[in-house]
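Trainee: The file below is entry-v1.csv, CSV, N, CA and C atoms:
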```csv
chain,number,residue,atom,x,y,z
A,9,MET,N,15.0,20.8,27.5
A,9,MET,CA,14.5,19.6,27.0
A,9,MET,C,15.3,19.2,25.8
A,10,ILE,N,15.7,17.9,25.7
A,10,ILE,CA,16.5,17.4,24.7
A,10,ILE,C,15.6,16.7,23.6
A,11,GLY,N,15.9,16.9,22.4
A,11,GLY,CA,15.2,16.2,21.3
A,11,GLY,C,14.1,17.0,20.7
A,12,LEU,N,13.4,16.3,19.8
A,12,LEU,CA,12.3,17.0,19.1
A,12,LEU,C,11.1,17.1,20.0
A,13,ALA,N,10.3,18.2,19.7
A,13,ALA,CA,9.1,18.4,20.4
A,13,ALA,C,8.0,17.4,20.1
A,14,PRO,N,7.1,17.1,21.0
A,14,PRO,CA,6.1,16.1,20.7
A,14,PRO,C,5.3,16.4,19.4
A,15,LYS,N,4.9,17.7,19.2
A,15,LYS,CA,4.1,18.0,18.0
A,15,LYS,C,4.9,17.7,16.7
A,16,LEU,N,6.2,18.0,16.7
A,16,LEU,CA,7.0,17.7,15.6
A,16,LEU,C,7.1,16.2,15.3
A,17,LEU,N,7.3,15.4,16.4
A,17,LEU,CA,7.3,14.0,16.2
A,17,LEU,C,6.0,13.4,15.7
A,18,LEU,N,4.9,14.0,16.2
A,18,LEU,CA,3.5,13.6,15.6
A,18,LEU,C,3.4,14.0,14.2
A,19,SER,N,4.0,15.1,13.8
A,19,SER,CA,3.9,15.6,12.4
A,19,SER,C,4.7,14.6,11.5
A,20,HIS,N,5.8,14.2,12.0
A,20,HIS,CA,6.6,13.2,11.2
A,20,HIS,C,5.9,11.8,11.1
A,21,ALA,N,5.2,11.4,12.2
A,21,ALA,CA,4.5,10.2,12.2
A,21,ALA,C,3.3,10.3,11.2
A,22,ASP,N,2.7,11.5,11.2
A,22,ASP,CA,1.5,11.7,10.3
A,22,ASP,C,2.0,11.6,8.8
A,23,VAL,N,3.1,12.2,8.5
A,23,VAL,CA,3.7,12.1,7.1
A,23,VAL,C,3.9,10.6,6.7
A,24,LEU,N,4.4,9.8,7.6
A,24,LEU,CA,4.7,8.4,7.3
A,24,LEU,C,3.3,7.7,7.2
A,25,LEU,N,2.4,8.0,8.0
A,25,LEU,CA,1.1,7.4,7.9
A,25,LEU,C,0.3,7.7,6.6
A,26,THR,N,0.4,8.9,6.2
A,26,THR,CA,-0.4,9.3,5.0
A,26,THR,C,0.3,9.1,3.7
A,27,ASP,N,1.7,9.2,3.7
A,27,ASP,CA,2.4,9.0,2.4
A,27,ASP,C,3.8,8.4,2.7
A,28,PRO,N,3.8,7.1,3.1
A,28,PRO,CA,5.1,6.4,3.4
A,28,PRO,C,6.0,6.4,2.2
A,29,PRO,N,7.3,6.7,2.4
A,29,PRO,CA,8.3,6.7,1.3
A,29,PRO,C,8.6,5.3,0.9
A,30,ALA,N,8.8,5.1,-0.4
A,30,ALA,CA,9.2,3.8,-0.9
A,30,ALA,C,10.4,3.2,-0.2
A,31,ALA,N,11.3,4.1,0.2
A,31,ALA,CA,12.6,3.6,0.8
A,31,ALA,C,12.3,2.8,2.1
A,32,LEU,N,11.2,3.1,2.8
A,32,LEU,CA,10.9,2.4,4.0
A,32,LEU,C,10.0,1.2,3.8
A,33,ALA,N,9.5,1.0,2.6
A,33,ALA,CA,8.7,-0.2,2.2
A,33,ALA,C,7.9,-0.7,3.4
A,34,SER,N,8.1,-1.9,3.9
A,34,SER,CA,7.3,-2.5,4.9
A,34,SER,C,7.8,-2.0,6.3
A,35,ARG,N,8.8,-1.2,6.4
A,35,ARG,CA,9.2,-0.8,7.8
A,35,ARG,C,8.6,0.5,8.3
A,36,TRP,N,7.8,1.2,7.5
A,36,TRP,CA,7.2,2.4,7.9
A,36,TRP,C,6.3,2.3,9.1
A,37,PRO,N,5.5,1.2,9.3
A,37,PRO,CA,4.7,1.1,10.5
A,37,PRO,C,5.6,1.0,11.8
A,38,SER,N,6.7,0.4,11.7
A,38,SER,CA,7.6,0.4,12.9
A,38,SER,C,8.2,1.8,13.1
A,39,ALA,N,8.5,2.5,12.1
A,39,ALA,CA,9.0,3.9,12.3
A,39,ALA,C,7.9,4.8,12.9
A,40,VAL,N,6.6,4.6,12.5
A,40,VAL,CA,5.5,5.4,13.1
A,40,VAL,C,5.4,5.0,14.5
A,41,THR,N,5.5,3.8,14.9
A,41,THR,CA,5.4,3.3,16.2
A,41,THR,C,6.5,4.0,17.1
A,42,VAL,N,7.7,4.0,16.6
A,42,VAL,CA,8.8,4.6,17.4
A,42,VAL,C,8.5,6.1,17.6
A,43,LEU,N,8.1,6.8,16.5
A,43,LEU,CA,7.8,8.2,16.6
A,43,LEU,C,6.7,8.5,17.6
A,44,LEU,N,5.7,7.7,17.6
A,44,LEU,CA,4.6,7.9,18.5
A,44,LEU,C,5.0,7.7,20.0
A,45,ARG,N,5.8,6.7,20.2
A,45,ARG,CA,6.2,6.5,21.6
A,45,ARG,C,7.1,7.6,22.0
A,46,GLN,N,8.0,8.1,21.1
A,46,GLN,CA,8.8,9.2,21.5
A,46,GLN,C,8.0,10.5,21.8
A,47,ALA,N,7.0,10.7,21.0
A,47,ALA,CA,6.1,11.9,21.2
A,47,ALA,C,5.4,11.8,22.5
A,48,LEU,N,4.9,10.6,22.9
A,48,LEU,CA,4.2,10.4,24.2
A,48,LEU,C,5.2,10.6,25.3
A,49,GLU,N,6.4,10.1,25.2
A,49,GLU,CA,7.4,10.2,26.3
A,49,GLU,C,7.9,11.7,26.4
A,50,ARG,N,8.0,12.4,25.3
A,50,ARG,CA,8.5,13.8,25.4
A,50,ARG,C,7.3,14.6,26.0
A,51,SER,N,6.1,14.2,25.7
A,51,SER,CA,5.0,15.0,26.2
A,51,SER,C,4.9,14.8,27.8
A,52,LEU,N,5.2,13.6,28.2
A,52,LEU,CA,5.3,13.4,29.7
A,52,LEU,C,6.4,14.2,30.3
A,53,GLN,N,7.5,14.2,29.6
A,53,GLN,CA,8.6,15.0,30.1
A,53,GLN,C,8.3,16.5,30.2
A,54,GLN,N,7.6,17.0,29.2
A,54,GLN,CA,7.1,18.4,29.3
A,54,GLN,C,6.2,18.6,30.5
A,55,LEU,N,5.3,17.7,30.7
A,55,LEU,CA,4.3,17.8,31.9
A,55,LEU,C,5.1,17.8,33.2
A,56,TRP,N,6.0,16.9,33.3
A,56,TRP,CA,6.7,16.8,34.6
A,56,TRP,C,7.6,18.0,34.8
A,57,LEU,N,8.3,18.5,33.8
A,57,LEU,CA,9.1,19.7,33.9
A,57,LEU,C,8.3,20.9,34.4
A,58,ALA,N,7.1,21.0,34.0
A,58,ALA,CA,6.2,22.1,34.4
A,58,ALA,C,5.5,21.9,35.7
A,59,LYS,N,5.1,20.6,36.0
A,59,LYS,CA,4.2,20.4,37.2
A,59,LYS,C,4.9,19.6,38.3
A,60,ALA,N,5.8,18.7,38.0
A,60,ALA,CA,6.4,17.9,39.1
A,60,ALA,C,7.8,17.5,38.6
A,61,PRO,N,8.8,18.4,38.7
A,61,PRO,CA,10.1,18.1,38.2
A,61,PRO,C,10.8,16.8,38.8
A,62,ALA,N,10.4,16.4,39.9
A,62,ALA,CA,11.0,15.2,40.5
A,62,ALA,C,10.6,14.0,39.8
A,63,LEU,N,9.6,14.0,39.0
A,63,LEU,CA,9.2,12.8,38.2
A,63,LEU,C,9.8,12.7,36.9
A,64,VAL,N,10.6,13.6,36.4
A,64,VAL,CA,11.2,13.6,35.1
A,64,VAL,C,12.0,12.3,34.9
A,65,ASP,N,12.8,12.0,35.9
A,65,ASP,CA,13.7,10.8,35.8
A,65,ASP,C,13.1,9.5,36.3
A,66,ALA,N,11.9,9.6,36.8
A,66,ALA,CA,11.2,8.4,37.3
A,66,ALA,C,10.9,7.4,36.2
A,67,PRO,N,10.8,6.1,36.5
A,67,PRO,CA,10.5,5.1,35.4
A,67,PRO,C,9.1,5.5,34.8
A,68,TYR,N,8.9,5.2,33.6
A,68,TYR,CA,7.7,5.5,32.9
A,68,TYR,C,6.5,4.9,33.6
A,69,ARG,N,6.6,3.7,34.1
A,69,ARG,CA,5.5,3.1,34.8
A,69,ARG,C,5.0,3.9,36.0
A,70,SER,N,6.0,4.5,36.7
A,70,SER,CA,5.6,5.4,37.8
A,70,SER,C,5.0,6.6,37.3
A,71,GLN,N,5.5,7.2,36.3
A,71,GLN,CA,5.0,8.4,35.7
A,71,GLN,C,3.5,8.2,35.3
A,72,LEU,N,3.3,7.1,34.6
A,72,LEU,CA,1.9,6.8,34.1
A,72,LEU,C,0.9,6.6,35.2
A,73,LEU,N,1.4,6.0,36.4
A,73,LEU,CA,0.5,5.8,37.5
A,73,LEU,C,0.0,7.1,38.1
A,74,LEU,N,0.8,8.2,38.0
A,74,LEU,CA,0.5,9.5,38.5
A,74,LEU,C,-0.1,10.4,37.5
A,75,LEU,N,-0.2,10.0,36.3
A,75,LEU,CA,-0.6,10.9,35.2
A,75,LEU,C,-2.0,11.5,35.4
A,76,SER,N,-2.9,10.6,35.9
A,76,SER,CA,-4.3,11.1,36.0
A,76,SER,C,-4.5,12.2,37.1
A,77,ARG,N,-3.5,12.4,37.9
A,77,ARG,CA,-3.6,13.4,38.9
A,77,ARG,C,-3.3,14.8,38.3
A,78,TYR,N,-2.7,14.8,37.1
A,78,TYR,CA,-2.3,16.1,36.5
A,78,TYR,C,-3.1,16.4,35.2
A,79,ILE,N,-3.7,15.4,34.6
A,79,ILE,CA,-4.5,15.6,33.4
A,79,ILE,C,-5.8,14.8,33.5
A,80,GLU,N,-6.7,15.1,32.5
A,80,GLU,CA,-8.0,14.4,32.6
A,80,GLU,C,-7.8,12.9,32.6
A,81,ARG,N,-8.6,12.2,33.4
A,81,ARG,CA,-8.4,10.8,33.6
A,81,ARG,C,-8.6,10.0,32.3
A,82,PRO,N,-9.6,10.2,31.5
A,82,PRO,CA,-9.7,9.4,30.3
A,82,PRO,C,-8.5,9.5,29.4
A,83,ILE,N,-8.0,10.7,29.3
A,83,ILE,CA,-6.8,10.9,28.4
A,83,ILE,C,-5.6,10.2,29.1
A,84,ALA,N,-5.5,10.3,30.4
A,84,ALA,CA,-4.4,9.6,31.1
A,84,ALA,C,-4.5,8.1,30.9
A,85,GLU,N,-5.7,7.5,31.0
A,85,GLU,CA,-5.8,6.1,30.9
A,85,GLU,C,-5.5,5.6,29.5
A,86,ARG,N,-6.0,6.4,28.5
A,86,ARG,CA,-5.7,6.0,27.1
A,86,ARG,C,-4.2,6.1,26.8
A,87,ALA,N,-3.5,7.1,27.4
A,87,ALA,CA,-2.1,7.3,27.2
A,87,ALA,C,-1.3,6.1,27.8
A,88,THR,N,-1.8,5.7,29.0
A,88,THR,CA,-1.1,4.6,29.6
A,88,THR,C,-1.2,3.3,28.8
A,89,VAL,N,-2.4,3.0,28.4
A,89,VAL,CA,-2.6,1.8,27.5
A,89,VAL,C,-1.7,1.9,26.3
A,90,THR,N,-1.8,3.1,25.7
A,90,THR,CA,-1.0,3.3,24.4
A,90,THR,C,0.5,3.1,24.7
A,91,TRP,N,1.0,3.7,25.8
A,91,TRP,CA,2.4,3.5,26.0
A,91,TRP,C,2.8,2.1,26.1
A,92,TYR,N,2.0,1.3,26.8
A,92,TYR,CA,2.3,-0.2,27.0
A,92,TYR,C,2.2,-0.9,25.6
A,93,GLU,N,1.2,-0.5,24.8
A,93,GLU,CA,1.1,-1.1,23.5
A,93,GLU,C,2.3,-0.7,22.6
A,94,LEU,N,2.6,0.6,22.6
A,94,LEU,CA,3.7,1.0,21.8
A,94,LEU,C,5.1,0.4,22.2
A,95,SER,N,5.2,0.3,23.5
A,95,SER,CA,6.5,-0.3,24.0
A,95,SER,C,6.6,-1.8,23.6
A,96,ALA,N,5.5,-2.5,23.7
A,96,ALA,CA,5.5,-3.9,23.2
A,96,ALA,C,5.8,-4.0,21.7
A,97,GLU,N,5.2,-3.1,20.9
A,97,GLU,CA,5.4,-3.1,19.5
A,97,GLU,C,6.9,-2.7,19.1
A,98,CYS,N,7.5,-1.8,19.9
A,98,CYS,CA,8.8,-1.3,19.7
A,98,CYS,C,9.8,-2.5,19.9
A,99,HIS,N,9.4,-3.4,20.7
A,99,HIS,CA,10.3,-4.6,21.0
A,99,HIS,C,9.8,-5.8,20.3
A,100,GLN,N,9.5,-5.6,19.0
A,100,GLN,CA,8.9,-6.6,18.2
A,100,GLN,C,9.9,-7.7,17.9
A,101,ARG,N,9.4,-8.9,17.8
A,101,ARG,CA,10.2,-10.1,17.6
A,101,ARG,C,10.1,-10.4,16.1
A,102,ALA,N,11.0,-11.2,15.6
A,102,ALA,CA,11.1,-11.6,14.2
A,102,ALA,C,9.8,-12.2,13.7
A,103,TYR,N,9.1,-12.9,14.5
A,103,TYR,CA,7.9,-13.5,14.1
A,103,TYR,C,6.6,-12.6,14.2
A,104,SER,N,6.8,-11.4,14.8
A,104,SER,CA,5.7,-10.5,15.0
A,104,SER,C,5.3,-9.8,13.7
A,105,LEU,N,4.0,-9.6,13.5
A,105,LEU,CA,3.5,-8.9,12.4
A,105,LEU,C,3.5,-7.4,12.7
A,106,PRO,N,3.7,-6.5,11.7
A,106,PRO,CA,3.7,-5.1,12.0
A,106,PRO,C,2.3,-4.6,12.4
A,107,PRO,N,2.2,-3.5,13.1
A,107,PRO,CA,0.9,-3.0,13.5
A,107,PRO,C,0.0,-2.7,12.3
A,108,THR,N,-1.3,-2.8,12.5
A,108,THR,CA,-2.2,-2.6,11.5
A,108,THR,C,-2.5,-1.1,11.4
A,109,ALA,N,-3.1,-0.7,10.3
A,109,ALA,CA,-3.5,0.7,10.1
A,109,ALA,C,-4.4,1.2,11.2
A,110,VAL,N,-5.3,0.3,11.6
A,110,VAL,CA,-6.3,0.7,12.7
A,110,VAL,C,-5.5,0.9,14.0
A,111,GLU,N,-4.6,0.0,14.3
A,111,GLU,CA,-3.8,0.2,15.5
A,111,GLU,C,-3.0,1.5,15.5
A,112,LEU,N,-2.3,1.8,14.3
A,112,LEU,CA,-1.6,3.0,14.2
A,112,LEU,C,-2.4,4.2,14.4
A,113,ALA,N,-3.6,4.2,13.8
A,113,ALA,CA,-4.5,5.4,13.8
A,113,ALA,C,-5.0,5.6,15.3
A,114,ARG,N,-5.3,4.5,16.0
A,114,ARG,CA,-5.7,4.6,17.4
A,114,ARG,C,-4.6,5.1,18.3
A,115,TRP,N,-3.4,4.6,18.1
A,115,TRP,CA,-2.3,5.1,18.8
A,115,TRP,C,-2.0,6.6,18.5
A,116,TYR,N,-2.1,7.0,17.3
A,116,TYR,CA,-1.8,8.3,16.9
A,116,TYR,C,-2.9,9.3,17.6
A,117,GLU,N,-4.1,8.9,17.6
A,117,GLU,CA,-5.2,9.7,18.2
A,117,GLU,C,-4.9,9.8,19.7
A,118,SER,N,-4.5,8.7,20.3
A,118,SER,CA,-4.3,8.8,21.8
A,118,SER,C,-3.1,9.7,22.1
A,119,VAL,N,-2.0,9.6,21.4
A,119,VAL,CA,-0.8,10.4,21.6
A,119,VAL,C,-1.2,11.9,21.3
A,120,GLU,N,-1.9,12.1,20.2
A,120,GLU,CA,-2.3,13.5,19.9
A,120,GLU,C,-3.1,14.1,21.0
A,121,ALA,N,-4.0,13.3,21.6
A,121,ALA,CA,-4.9,13.8,22.7
A,121,ALA,C,-4.0,14.2,23.9
A,122,LEU,N,-3.0,13.3,24.2
A,122,LEU,CA,-2.1,13.6,25.3
A,122,LEU,C,-1.3,14.8,25.1
A,123,VAL,N,-0.8,15.0,23.9
A,123,VAL,CA,0.0,16.2,23.5
A,123,VAL,C,-0.8,17.4,23.7
A,124,ARG,N,-2.1,17.4,23.2
A,124,ARG,CA,-2.9,18.6,23.3
A,124,ARG,C,-3.2,18.9,24.8
A,125,GLU,N,-3.5,17.8,25.6
A,125,GLU,CA,-3.9,18.0,27.0
A,125,GLU,C,-2.7,18.5,27.8
A,126,VAL,N,-1.5,18.0,27.5
A,126,VAL,CA,-0.3,18.5,28.2
A,126,VAL,C,-0.1,19.9,27.9
A,127,ALA,N,-0.2,20.3,26.6
A,127,ALA,CA,0.0,21.7,26.2
A,127,ALA,C,-1.0,22.6,27.0
A,128,ARG,N,-2.3,22.1,27.1
A,128,ARG,CA,-3.3,22.9,27.8
A,128,ARG,C,-3.0,23.1,29.3
A,129,VAL,N,-2.6,22.0,29.9
A,129,VAL,CA,-2.3,22.0,31.3
A,129,VAL,C,-1.0,22.8,31.6
A,130,THR,N,0.0,22.7,30.8
A,130,THR,CA,1.2,23.4,31.1
A,130,THR,C,1.2,24.9,30.6
A,131,ARG,N,0.2,25.3,29.8
A,131,ARG,CA,0.2,26.6,29.3
A,131,ARG,C,0.0,27.6,30.5
A,132,SER,N,-0.7,27.2,31.5
A,132,SER,CA,-1.0,28.1,32.6
A,132,SER,C,0.2,28.2,33.6
A,133,THR,N,1.3,27.4,33.3
A,133,THR,CA,2.4,27.4,34.2
A,133,THR,C,3.4,28.4,33.9
```
Can you dump the structure from the file as structure tokens?
Mentor:
Amino acid sequence: MIGLAPKLLLSHADVLLTDPPAALASRWPSAVTVLLRQALERSLQQLWLAKAPALVDAPYRSQLLLLSRYIERPIAERATVTWYELSAECHQRAYSLPPTAVELARWYESVEALVREVARVTRST
């Protein structure tokens, strides 16, 4: 697996959420958004490597459609909605407002739940 582990990405996102550095000023919400999306996508990659390697390179939309077959449905559904919201936010336009603290917290909780569930499901593999 290439890149940082989902838990480490979540840890970095948490640091930015709780104590954003002055150097990032108004950009830290966007940085958190990117970190959360990466954590979600890396978590999916871990799941597929353990349970269905053929899906690793599939488009994320396809992966998300099959997610509830491998993990608990409520977590899969929240992760799917979160991925779409994070993706939209990562492609922010000049006129878009940054995500709110409430949105960031909701996305963080959703990604954290997915990371925990994938760890649980893949532990037995």
Trainee: Would you pick out the contacts of segment 81-86 of chain A at 7 Å or less, using only N, CA and C atoms, so that residues sharing its chain but fewer than 3 positions from it are not included, and give the list as a list of chain:residue names?
Mentor: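 Returned residues: A:Leu75, A:Ser76, A:Arg77, A:Val89, A:Thr90, A:Trp91, A:Ser118, A:Val119, A:Ala121, A:Leu122.
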Trainee: Quick one: pull the distance between atom C of Gln100 of chain A and atom N of Leu48 of chain A, Å, one decimal.
Mentor: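 Atom N of Leu48 of chain A lies 19.6 Å from atom C of Gln100 of chain A.
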Trainee: If you measure from atom CA of Val23 of chain A to atom CA of Leu94 of chain A, what distance in Å do you get, rounded to one decimal?
Mentor: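 Computing the Euclidean distance for atom CA of Val23 of chain A and atom CA of Leu94 of chain A yields 18.4 Å.
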Trainee: Enumerate the residues of chain A with a DSSP assignment of helix (DSSP H, G or I), computed from the backbone, and present them as a PyMOL selection string.
Mentor: chain A and resi 14-26+30-59+61-63+68-77+81-98+109-131
Trainee: Would you list the contacts of Asp65 of chain A as a list in words, taking every protein, DNA or RNA residue within 8 Å and counting only N, CA and C atoms, but skipping same-chain residues closer than 4 positions in sequence?
Mentor: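 Residues near the query, excluding close chain neighbours: Gln53, Trp56, Ala60, Pro61 and Gln71 of chain A.
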Trainee: Which residue gives the smallest distance to Thr41 of chain A among A:Glu97, A:Glu125, A:Asp22, A:Glu80, with only C-alpha atoms counted?
Mentor: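 Smallest distance to Thr41 of chain A is found for A:Glu97.
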Trainee: As an exercise, work out the distance from atom CA of Pro29 of chain A to atom CA of Glu49 of chain A in Å and give it to one decimal place.
Mentor: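 The value is 25.3 Å.
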Trainee: Find the spatial neighbours of Thr130 of chain A, counting only C-alpha atoms, within a cut-off of 7 Å - ignore same-chain residues fewer than 3 positions away - and output them as a list in words.
Mentor: Leu55, Ala58, Val126, Ala127 and Thr133 of chain A
Trainee: Just write the chosen residues, N, CA and C atoms, as a PDB file, in the coordinates of the input.
Mentor:
```pdb
ATOM      1  N   LEU A  55       5.300  17.700  30.700  1.00  0.00           N
ATOM      2  CA  LEU A  55       4.300  17.800  31.900  1.00  0.00           C
ATOM      3  C   LEU A  55       5.100  17.800  33.200  1.00  0.00           C
ATOM      4  N   ALA A  58       7.100  21.000  34.000  1.00  0.00           N
ATOM      5  CA  ALA A  58       6.200  22.100  34.400  1.00  0.00           C
ATOM      6  C   ALA A  58       5.500  21.900  35.700  1.00  0.00           C
ATOM      7  N   VAL A 126      -1.500  18.000  27.500  1.00  0.00           N
ATOM      8  CA  VAL A 126      -0.300  18.500  28.200  1.00  0.00           C
ATOM      9  C   VAL A 126      -0.100  19.900  27.900  1.00  0.00           C
ATOM     10  N   ALA A 127      -0.200  20.300  26.600  1.00  0.00           N
ATOM     11  CA  ALA A 127       0.000  21.700  26.200  1.00  0.00           C
ATOM     12  C   ALA A 127      -1.000  22.600  27.000  1.00  0.00           C
ATOM     13  N   THR A 133       1.300  27.400  33.300  1.00  0.00           N
ATOM     14  CA  THR A 133       2.400  27.400  34.200  1.00  0.00           C
ATOM     15  C   THR A 133       3.400  28.400  33.900  1.00  0.00           C
TER      16      THR A 133
END
```
